[in-house]
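**Student:** Okay, here's the structure, questions in a sec.
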Amino acid sequence: MADVKPVKAHCNKCFQETNHDLLHRDVIKGNEYYDGSYELQWSDTNEMIRCRGCDSVRLRNTYWFSEWDGAKVTYYPPSSSRRPPTWLDDVPEDEKTLLEEVYAALHADSLRLALMGARAACESLIIDKVGDQGDFKRGLDALCEKRWINDEERVFLQQAIDAGSAAIHRGFKGSHEDVTHVLDIVESLYQRVYVLPKATAELGKRVPRRPLRKSTSTPPAP
Ligand SMILES: [Zn+2]
């Protein structure tokens, strides 16, 4: 039976901190004496919680150690602070998984990982659409030649890829704003390549055609 007092936690569906019901809690505690007199203590708490707003269920692990400042809290599945686009399910599975891992890295404040993941997402799309071209320059050239992107979008993409390369090779950490900007670019590319062509074709089938306009000119005399 759920506790009456709610648990405050981030919800991946409501995208904010919400009240959760605590469905189950399991606590393991331990201690050990160091040098025969100095006591070390720890606790490992696992909780199943359910959002009162959307009913989604998550697991929360809280590990506390007496020598640390504060406890380490981990959620399963990981927390996400950027709302995934509504069209994410229309993206191929490998690329979708990559983007989801980028969102998880962003929420965990692993900004370098998020930038690296966004770069990997660009690379995966390039290989999927125009094959492995050997490097990003040739890959972007091929995307342009096949008209998946135009010259302006190529500039944006190059910027996103450069940020990821800098994170890998030059220790660039970036800010939340940087990662948000890069993800805006990558999501725009994904939507353009994977979502809009199909959505536009389906819309074209559903929209009634305009009736042919009747000619108002006077027919020629027989
Ligand atoms: Zn919720």
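Going through the structure tokens in order, the chains are called A, B, and so on, while each chain numbers its residues from 1 and the ligands are numbered from 1 in the order shown.
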Taking only C-alpha atoms and all ligand atoms and a cut-off of 6 Å, can you tell me which residues surround ligand 1, written as an NGL selection string?
**Tutor:** :A and (11 or 13-14 or 51 or 53-54 or 56)
**Student:** Using only C-alpha atoms, tabulate the residues of region 10-126 of chain A lying at most 12 Å from any atom of region 143-152 of chain A, each with its closest atom pair and that distance in Å to one decimal, by chain and increasing residue number, as CSV.
**Tutor:**
residue,atom,partner,partner_atom,distance
A:Cys122,CA,A:Leu143,CA,11.1
A:Glu123,CA,A:Leu143,CA,11.3
A:Leu125,CA,A:Leu143,CA,9.8
A:Ile126,CA,A:Leu143,CA,7.1
**Student:** Please save C-alpha atoms of the selected residues as a CSV table (one decimal), in the first residue's frame.
**Tutor:**
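See part_34.csv below for the written result:
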chain,number,residue,atom,x,y,z
A,122,CYS,CA,24.9,12.8,-37.2
A,123,GLU,CA,27.4,10.1,-38.3
A,125,LEU,CA,22.3,9.3,-40.2
A,126,ILE,CA,25.0,10.0,-42.8
**Student:** Taking into account only C-alpha atoms, which residue in the set A:Ala114, A:Leu23, A:Met48, A:Val57 is nearest to Thr180 (chain A)?
**Tutor:**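 Comparing A:Ala114, A:Leu23, A:Met48, A:Val57 against Thr180 (chain A), the winner is A:Ala114.
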**Student:** Write down as a PyMOL selection string the residues belonging to region 46-199 of chain A that are assigned helix (DSSP H, G or I) by DSSP computed on the backbone.
**Tutor:** chain A and resi 88-90+93-107+111-130+136-145+151-169+176-199
**Student:** I'd like a table as a tab-separated table: residues in region 3-54 of chain A with an atom no more than 9 Å from region 60-67 of chain A, each row giving the shortest atom pair and its distance in Å to one decimal, only C-alpha atoms counted, sorted by chain and rising residue number.
**Tutor:**
residue	atom	partner	partner_atom	distance
A:Glu39	CA	A:Ser66	CA	8.9
A:Leu40	CA	A:Ser66	CA	6.1
A:Gln41	CA	A:Ser66	CA	5.3
A:Trp42	CA	A:Phe65	CA	4.3
A:Ser43	CA	A:Trp64	CA	5.3
A:Asp44	CA	A:Tyr63	CA	4.7
A:Thr45	CA	A:Thr62	CA	5.1
A:Asn46	CA	A:Asn61	CA	4.6
A:Glu47	CA	A:Arg60	CA	5.1
A:Met48	CA	A:Arg60	CA	6.4
A:Ile49	CA	A:Arg60	CA	7.5
**Student:** Would you save the residues of that selection, restricted to N, CA and C atoms, as a PDB file, in the first residue's frame?
**Tutor:**
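Listed below is the output, out11.pdb:
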ATOM      1  N   GLU A  39      34.135   4.135  13.049  1.00  0.00           N
ATOM      2  CA  GLU A  39      33.033   3.409  12.424  1.00  0.00           C
ATOM      3  C   GLU A  39      32.665   3.993  11.061  1.00  0.00           C
ATOM      4  N   LEU A  40      32.591   3.126  10.052  1.00  0.00           N
ATOM      5  CA  LEU A  40      32.087   3.502   8.728  1.00  0.00           C
ATOM      6  C   LEU A  40      30.690   2.920   8.591  1.00  0.00           C
ATOM      7  N   GLN A  41      29.757   3.731   8.019  1.00  0.00           N
ATOM      8  CA  GLN A  41      28.384   3.256   7.856  1.00  0.00           C
ATOM      9  C   GLN A  41      27.936   3.483   6.418  1.00  0.00           C
ATOM     10  N   TRP A  42      27.020   2.681   5.975  1.00  0.00           N
ATOM     11  CA  TRP A  42      26.433   2.876   4.644  1.00  0.00           C
ATOM     12  C   TRP A  42      25.017   2.336   4.616  1.00  0.00           C
ATOM     13  N   SER A  43      24.265   2.809   3.644  1.00  0.00           N
ATOM     14  CA  SER A  43      22.920   2.272   3.427  1.00  0.00           C
ATOM     15  C   SER A  43      22.635   2.269   1.929  1.00  0.00           C
ATOM     16  N   ASP A  44      21.920   1.259   1.510  1.00  0.00           N
ATOM     17  CA  ASP A  44      21.571   1.075   0.093  1.00  0.00           C
ATOM     18  C   ASP A  44      20.052   0.940   0.024  1.00  0.00           C
ATOM     19  N   THR A  45      19.378   1.992  -0.508  1.00  0.00           N
ATOM     20  CA  THR A  45      17.916   2.022  -0.489  1.00  0.00           C
ATOM     21  C   THR A  45      17.358   1.936  -1.913  1.00  0.00           C
ATOM     22  N   ASN A  46      16.475   0.997  -2.136  1.00  0.00           N
ATOM     23  CA  ASN A  46      15.801   0.876  -3.430  1.00  0.00           C
ATOM     24  C   ASN A  46      14.318   1.139  -3.244  1.00  0.00           C
ATOM     25  N   GLU A  47      13.787   2.055  -4.078  1.00  0.00           N
ATOM     26  CA  GLU A  47      12.375   2.428  -3.957  1.00  0.00           C
ATOM     27  C   GLU A  47      11.682   2.342  -5.309  1.00  0.00           C
ATOM     28  N   MET A  48      10.458   1.878  -5.294  1.00  0.00           N
ATOM     29  CA  MET A  48       9.616   1.931  -6.481  1.00  0.00           C
ATOM     30  C   MET A  48       8.616   3.066  -6.267  1.00  0.00           C
ATOM     31  N   ILE A  49       8.605   4.041  -7.176  1.00  0.00           N
ATOM     32  CA  ILE A  49       7.754   5.213  -6.998  1.00  0.00           C
ATOM     33  C   ILE A  49       6.865   5.409  -8.228  1.00  0.00           C
TER      34      ILE A  49
END
**Student:** According to DSSP computed on the backbone, where in region 57-213 of chain A is there strand (DSSP E or B)? Give the residues as a PyMOL selection string.
**Tutor:** chain A and resi 57-65+72-76
**Student:** So, with only C-alpha atoms as the atoms that count, which of A:Tyr194, A:Ser124, A:Leu59, A:Ile168 lies closest to Tyr76 (chain A)?
**Tutor:** A:Leu59
**Student:** Go ahead and compute the interatomic distance for CA of Arg50 (chain A) and CA of Asp89 (chain A), in Å to one decimal.
**Tutor:**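 Separation between CA of Arg50 (chain A) and CA of Asp89 (chain A): 24.2 Å.
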**Student:** Please report the interatomic distance between CA of Gly70 (chain A) and CA of His107 (chain A) in Å with one decimal.
**Tutor:**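 Spanning CA of Gly70 (chain A) to CA of His107 (chain A) is a straight-line distance of 19.3 Å.
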**Student:** Could you list, as an MDAnalysis selection string, every residue within 8 Å of Glu95 (chain A), counting only C-alpha atoms and ignoring same-chain residues fewer than 2 positions away?
**Tutor:** chainID A and resid 91:93 97:99 121 124:125
**Student:** Give me the residues within 12 Å of Val179 (chain A) as a PyMOL selection string, counting only C-alpha atoms and dropping any in the same chain fewer than 3 places off.
**Tutor:** chain A and resi 82+102-103+105-107+109-119+159-161+163-164+167+172-176+182-187
**Student:** Those same residues - C-alpha atoms - I'd like them written as a PDB file, in the first residue's frame.
**Tutor:**
ATOM      1  CA  ARG A  82      14.710  17.534 -22.711  1.00  0.00           C
ATOM      2  CA  VAL A 102      21.987  11.759 -25.670  1.00  0.00           C
ATOM      3  CA  TYR A 103      18.927  12.975 -23.724  1.00  0.00           C
ATOM      4  CA  ALA A 105      23.491  12.191 -20.849  1.00  0.00           C
ATOM      5  CA  LEU A 106      22.118  15.746 -20.961  1.00  0.00           C
ATOM      6  CA  HIS A 107      19.949  15.202 -17.908  1.00  0.00           C
ATOM      7  CA  ASP A 109      24.861  16.814 -16.748  1.00  0.00           C
ATOM      8  CA  SER A 110      27.265  14.727 -18.846  1.00  0.00           C
ATOM      9  CA  LEU A 111      27.516  17.515 -21.396  1.00  0.00           C
ATOM     10  CA  ARG A 112      30.620  16.195 -23.144  1.00  0.00           C
ATOM     11  CA  LEU A 113      28.963  12.815 -23.562  1.00  0.00           C
ATOM     12  CA  ALA A 114      25.858  14.530 -24.935  1.00  0.00           C
ATOM     13  CA  LEU A 115      27.957  16.417 -27.522  1.00  0.00           C
ATOM     14  CA  MET A 116      29.788  13.222 -28.486  1.00  0.00           C
ATOM     15  CA  GLY A 117      26.482  11.396 -28.784  1.00  0.00           C
ATOM     16  CA  ALA A 118      24.992  14.141 -30.974  1.00  0.00           C
ATOM     17  CA  ARG A 119      28.023  13.843 -33.275  1.00  0.00           C
ATOM     18  CA  GLN A 159      28.903  23.323 -36.314  1.00  0.00           C
ATOM     19  CA  ALA A 160      27.196  20.514 -34.377  1.00  0.00           C
ATOM     20  CA  ILE A 161      29.789  17.970 -35.550  1.00  0.00           C
ATOM     21  CA  ALA A 163      31.327  20.698 -31.133  1.00  0.00           C
ATOM     22  CA  GLY A 164      31.303  16.897 -30.748  1.00  0.00           C
ATOM     23  CA  ALA A 167      34.516  17.370 -26.895  1.00  0.00           C
ATOM     24  CA  PHE A 172      35.559  21.004 -24.884  1.00  0.00           C
ATOM     25  CA  LYS A 173      32.917  20.758 -22.144  1.00  0.00           C
ATOM     26  CA  GLY A 174      30.263  23.096 -23.529  1.00  0.00           C
ATOM     27  CA  SER A 175      27.345  24.586 -21.627  1.00  0.00           C
ATOM     28  CA  HIS A 176      23.706  23.538 -21.400  1.00  0.00           C
ATOM     29  CA  VAL A 182      23.502  21.272 -31.025  1.00  0.00           C
ATOM     30  CA  LEU A 183      20.443  19.113 -30.280  1.00  0.00           C
ATOM     31  CA  ASP A 184      18.178  21.630 -32.040  1.00  0.00           C
ATOM     32  CA  ILE A 185      20.354  21.189 -35.140  1.00  0.00           C
ATOM     33  CA  VAL A 186      20.470  17.397 -34.926  1.00  0.00           C
ATOM     34  CA  GLU A 187      16.740  17.025 -34.275  1.00  0.00           C
TER      35      GLU A 187
END
**Student:** In Å, rounded to a single decimal, give me how far CA of Asn19 (chain A) is from CA of Leu88 (chain A).
**Tutor:**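 Atom-to-atom, CA of Leu88 (chain A) and CA of Asn19 (chain A) are spaced 27.1 Å apart.
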**Student:** List the spatial neighbours of Trp87 (chain A) as a list of chain:residue names - criterion: any atom at most 12 Å away, only C-alpha atoms, same-chain residues fewer than 5 positions off excluded.
**Tutor:**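 Neighbouring residues, sequence-local ones excluded: A:Pro92, A:Lys96, A:Glu187, A:Ser188, A:Tyr190, A:Gln191, A:Arg192, A:Val193, A:Tyr194, A:Val195, A:Leu196, A:Lys198, A:Ala199.
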**Student:** Tell me, as a list of chain:residue names, which residues lie within 9 Å of Gln158 (chain A), counting only C-alpha atoms; anything in the same chain fewer than 3 positions away does not count.
**Tutor:** A:Phe136, A:Lys137, A:Leu140, A:Glu153, A:Arg154, A:Val155, A:Ile161, A:Asp162, A:Ala163
**Student:** Which of these, A:Asp35, A:Lys29, A:Ser81, A:Arg52, has the shortest distance to Phe15 (chain A) once you count only C-alpha atoms?
**Tutor:**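 Nearest to Phe15 (chain A): A:Ser81.
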**Student:** Find the residue from A:Glu17, A:Val130, A:Leu22, A:Pro77 that sits nearest to Lys5 (chain A); use only C-alpha atoms when measuring.
**Tutor:**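 Counting only C-alpha atoms, the residue closest to Lys5 (chain A) is A:Leu22.
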